[in-house]
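Following: one structure in structure tokens, then a few remarks.
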Amino acid sequence: MSTRPSPDVRTTSDAELTERWAALLQLDGPPVRRSLWLTWLRRDGTMVPLLIPVDDVPLEPDREVLGNLTLLHQTVAGSEDVDPGELHLAMLVERRGPAGLSPDDHAWSSAVEAVLRDRAGLDCSLHVGNGRAAVSVLPRGQWPA
């Protein structure tokens, strides 16, 4: 069994974020339930030491629930004593099925982009994991230099 990555290890690219998700979740088989995992990255690429699962998320994204993530994001920013714009919200939908992207995964990506990126202005990304692999669906818009 491998160890989970330290929050102090910097993540500076989409490829590194995909690797981090695989290490955080220690992908070793099909998940028991469909979950949305949340974590946050600081501007320097280190991770806020917080990993939150939201269990039993539906196949179709709930835009109201996604909108509520804005409040959670603001709370985490407050606990870090930073402006919400200084944090990146990294999300992963963990579900059973093939490693490739399904129509449901694309629907989640579209909803995250519309609700969180476009309407709320959050810096966010979305991955999908099936218990064996993590795949980037909505990469981060821009990585800090």
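Naming works like this for the structure tokens: A, B, ... for the chains as they're shown, residue 1 at the start of each chain, ligands 1 onward in shown order.
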If you run DSSP on the backbone here, which positions in stretch 44-108 of chain A get strand (DSSP E)? Please write them as an MDAnalysis selection string. chainID A and resid 52:55 88:94
Using only C-alpha atoms, which residues sit within 8 Å of A:Trp37 once same-chain residues fewer than 3 positions away are excluded, as a PyMOL selection string? chain A and resi 51-54+91-94
My list of candidates is A:Ser79, A:Thr70, A:Ser6, A:Thr12. Which is closest to A:Cys124 when distances are computed with only C-alpha atoms?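 Of the candidates, the smallest distance to A:Cys124 is held by A:Thr70.
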Need the shell around A:Glu16: protein/DNA/RNA residues with any atom at most 12 Å away, counting only C-alpha atoms. Skip same-chain ones fewer than 6 positions apart. Format as a list of chain:residue names?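 Returned residues: A:Pro5, A:Val9, A:Arg10, A:Ala22, A:Ala23, A:Leu24, A:Gly45, A:Thr46, A:Ala134, A:Val135, A:Ser136, A:Pro139, A:Arg140, A:Trp143.
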Closest of A:Ser109, A:Gly141, A:Arg117, A:Asp56 to A:Val32 - atom-to-atom distances counting only C-alpha atoms: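 Among the listed residues, the smallest separation from A:Val32 belongs to A:Asp56.
Ranking A:Asp14, A:Glu60, A:Asp44, A:Glu19 by their shortest atom-to-atom distance to A:Asp104, with only C-alpha atoms included, puts A:Glu60 first.
Closest approach to A:Ser102 among A:Gly78, A:Gly129, A:Gly85, A:Gly121: A:Gly129, based on only C-alpha atoms.
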Tell me which of A:Val128, A:Leu116, A:Ala145, A:Val137 sits closest to A:Leu69, counting only C-alpha atoms. A:Leu116
Using only C-alpha atoms, determine which residues lie at most 8 Å from A:Leu41, disregarding the query and same-chain residues fewer than 4 positions distant; provide the list as a VMD selection string. chain A and resid 11 45 to 48 87 to 90
I'd like to know which of A:Gly67, A:Pro84, A:Pro98, A:Pro7 is closest to A:Gly131, using only C-alpha atoms.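 Comparing A:Gly67, A:Pro84, A:Pro98, A:Pro7 against A:Gly131, the winner is A:Pro98.
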